[in-house]
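**Student:** Following this message is one structure expressed as C-alpha cells.
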Amino acid sequence: QKSANCAQMLATAAASNGLFDAPGGCALPYGTMQVSLEAAGKLAEFEQKLSNLEGIADALSPEFEAACEDLRAFVEAVEPPASLVEAVAKAMPVSGAAICRSSANVEDLEGMSAAGLYDSLACDGTPAGLATAIRGVWASLYTHRACVSRWRAGVGQSTAHMAILVQPLLNPAYSFVLHTSSPLVAGDDRCVHMELAVGLGETLASGAEGTPYRIEVDKADPERGVKTLALSSLSYALRPGSVPGKYDRVAVDYSNEPLTKSSEQRNALGAHLCRVGVAVENAVAGGPQDIEGCFVMDGQGNGTVYVVQTRPFTM
C-alpha cells in the first residue's frame, strides 16, 4: 500500500502546481524475498526456520531470541538475483545514493505501532550497494524486537511480509512528519500537526533524545493559523555521509537555525506544509494521513518540499 501511495504521490505532485514534489523510484513487492530465497535454493530452509520460530510459545525466552537472530542472519546472507538488483539500479530516476525504505504488511496494526520497527537503509546506488541494503531491510523483519512486537499483538510471524521502496537519497535542510488528524484527540481533523528536524528524517524515526520542532496549523486558515508548540531541543542532525550510503551524525546548534530564530520563516513553512498535508489527504481519499517528507534547498536558496511517503493515520 505504501508503494502504491508513493506512485500516486508522483501524479499528485505533478498536478500540484509546484506545491510539492515526489522523488520517484521503484518498488520490490511482497514475495520478492521468497522468490530470491527460492532462486538461491534456500526457501525450504527458510520456511523451516520460520516454523521453528513460530513453535516457540514464549517470545521472551532466550530460545526465541536465538531463533530470531538465526532467522535474521539467514535472510541477510541471501543474495537477491543479480538481474533483480540491476533492474532496480536502472529504474532509479537519478544515479547516486539511494535509500531502501521498509514497507511491511504488518505496520500500524491495532495495538501495535511499527514506528521505527523495521529498517530503512541507505546505500551508494550501485548494484552491490543496493543488494546489501535490500538484504538488510528484508532481514529487519525478523529482529527480536520486531518478532516480539508481533507476538504481543497476536500477529503470526509467518503472516509478516516485507516490500521495499527504493528512492534517491535526498539531502534535506529539514525532514518532517505530518499528521492530518490530531495525534492526541481522536477524530479532531481541524489541524495539520507536524514535527520537523534538521537533516535526514531518521532523526525523527529513531526516537532521538530531545524534542523536534512541533507546529500545529489550522486547515481552514493556514496563513494565520500557525501555532508553534515547541522549538527543537535536539543537538545533532543526520546527513548523507562521506562514505556512500552511510550517515554522518553532525552537531547542530539549533538555537541558530532559521526555524528557531525566525517566526516568519516558521510560519511560512508551517502554512506551506499544511497545504501539502491537505492536498495529499484529499488525493489519497483514504481519510487522515501520516505523511513523511523533507524540505530541500538548492544552491540558489530555493526550497522544494518532497513527499516521500504517506499512509493512513493511526493513533
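Ligands are numbered from 1 in the order shown, residues from 1 within each chain, and chains are lettered A, B, ... in the order they appear in the C-alpha cells.
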Write down as a PyMOL selection string the residues belonging to segment 127-286 of chain A that are assigned helix (DSSP H, G or I) by DSSP computed on the backbone.

**Tutor:** chain A and resi 127-142+144-152+157-159+202-205+254-256+258-261+263-284

**Student:** Give the strand (DSSP E) residues of segment 85-166 of chain A, as assigned by DSSP on the backbone, as a CSV table (one decimal) with N, CA, C and O atoms, in the first residue's frame.

**Tutor:**
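Output below, filename selection_35.csv:
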```
chain,number,residue,atom,x,y,z
A,98,ALA,N,21.1,6.1,-2.7
A,98,ALA,CA,19.6,5.7,-2.7
A,98,ALA,C,19.3,5.2,-1.3
A,98,ALA,O,20.2,4.9,-0.4
A,99,ILE,N,18.0,5.2,-1.0
A,99,ILE,CA,17.5,4.6,0.3
A,99,ILE,C,16.5,3.6,0.0
A,99,ILE,O,15.6,3.7,-0.8
A,100,CYS,N,16.6,2.4,0.7
A,100,CYS,CA,15.7,1.3,0.6
A,100,CYS,C,14.8,1.4,1.8
A,100,CYS,O,15.2,1.1,2.9
A,101,ARG,N,13.5,1.8,1.6
A,101,ARG,CA,12.6,2.0,2.6
A,101,ARG,C,11.7,0.8,2.9
A,101,ARG,O,11.2,0.2,2.0
A,102,SER,N,11.7,0.4,4.2
A,102,SER,CA,10.8,-0.8,4.5
A,102,SER,C,9.4,-0.5,4.4
A,102,SER,O,8.9,0.6,4.6
A,103,SER,N,8.6,-1.5,3.9
A,103,SER,CA,7.2,-1.4,3.8
A,103,SER,C,6.5,-2.7,4.1
A,103,SER,O,6.3,-3.5,3.2
A,104,ALA,N,6.3,-3.0,5.4
A,104,ALA,CA,5.8,-4.3,5.8
A,104,ALA,C,4.3,-4.3,5.8
A,104,ALA,O,3.6,-3.2,6.0
A,121,LEU,N,17.4,1.5,4.9
A,121,LEU,CA,18.8,1.6,4.8
A,121,LEU,C,19.3,2.3,3.5
A,121,LEU,O,18.8,2.1,2.4
A,122,ALA,N,20.3,3.2,3.7
A,122,ALA,CA,20.9,3.9,2.6
A,122,ALA,C,22.0,3.1,2.0
A,122,ALA,O,22.5,2.2,2.6
A,123,CYS,N,22.2,3.4,0.7
A,123,CYS,CA,23.3,2.8,0.0
A,123,CYS,C,23.9,3.7,-1.1
A,123,CYS,O,23.3,4.8,-1.3
A,162,MET,N,7.6,-8.3,3.7
A,162,MET,CA,8.3,-7.1,3.5
A,162,MET,C,8.4,-6.7,2.0
A,162,MET,O,8.9,-7.4,1.2
A,163,ALA,N,7.9,-5.5,1.7
A,163,ALA,CA,8.1,-4.9,0.4
A,163,ALA,C,9.2,-3.8,0.6
A,163,ALA,O,9.4,-3.4,1.8
A,164,ILE,N,9.8,-3.3,-0.4
A,164,ILE,CA,10.8,-2.3,-0.3
A,164,ILE,C,10.6,-1.2,-1.3
A,164,ILE,O,10.4,-1.5,-2.5
A,165,LEU,N,10.6,0.0,-0.9
A,165,LEU,CA,10.5,1.2,-1.8
A,165,LEU,C,11.9,1.8,-1.9
A,165,LEU,O,12.5,2.1,-0.9
A,166,VAL,N,12.4,1.8,-3.1
A,166,VAL,CA,13.8,2.3,-3.4
A,166,VAL,C,13.7,3.7,-4.0
A,166,VAL,O,13.1,3.8,-5.1
```

**Student:** Pick out the closest residue to Phe74 of chain A from this set: A:Leu229, A:Ala139, A:Ile56, A:Leu117. Count only C-alpha atoms.

**Tutor:**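 Residue with the minimum atom-to-atom distance to Phe74 of chain A: A:Ala139.
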
**Student:** When you draw a straight line from atom CA of Ser232 of chain A to atom CA of Thr314 of chain A, how long is it in Å?

**Tutor:** 24.2 Å

**Student:** Figure out the distance between atom CA of Ser181 of chain A and atom CA of Asn282 of chain A, please, to one decimal in Å.

**Tutor:**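 These atoms are spaced 12.9 Å apart.
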
**Student:** Set the distance at 9 Å and use only C-alpha atoms: which residues neighbour Phe64 of chain A once local chain neighbours fewer than 6 positions away are removed? I'd like the list as an MDAnalysis selection string.

**Tutor:** chainID A and resid 53:54 56:58 144 148

**Student:** For a test of reading the model, state the distance in Å between atom CA of Leu196 of chain A and atom CA of Tyr213 of chain A, rounded to one decimal.

**Tutor:** 5.0 Å
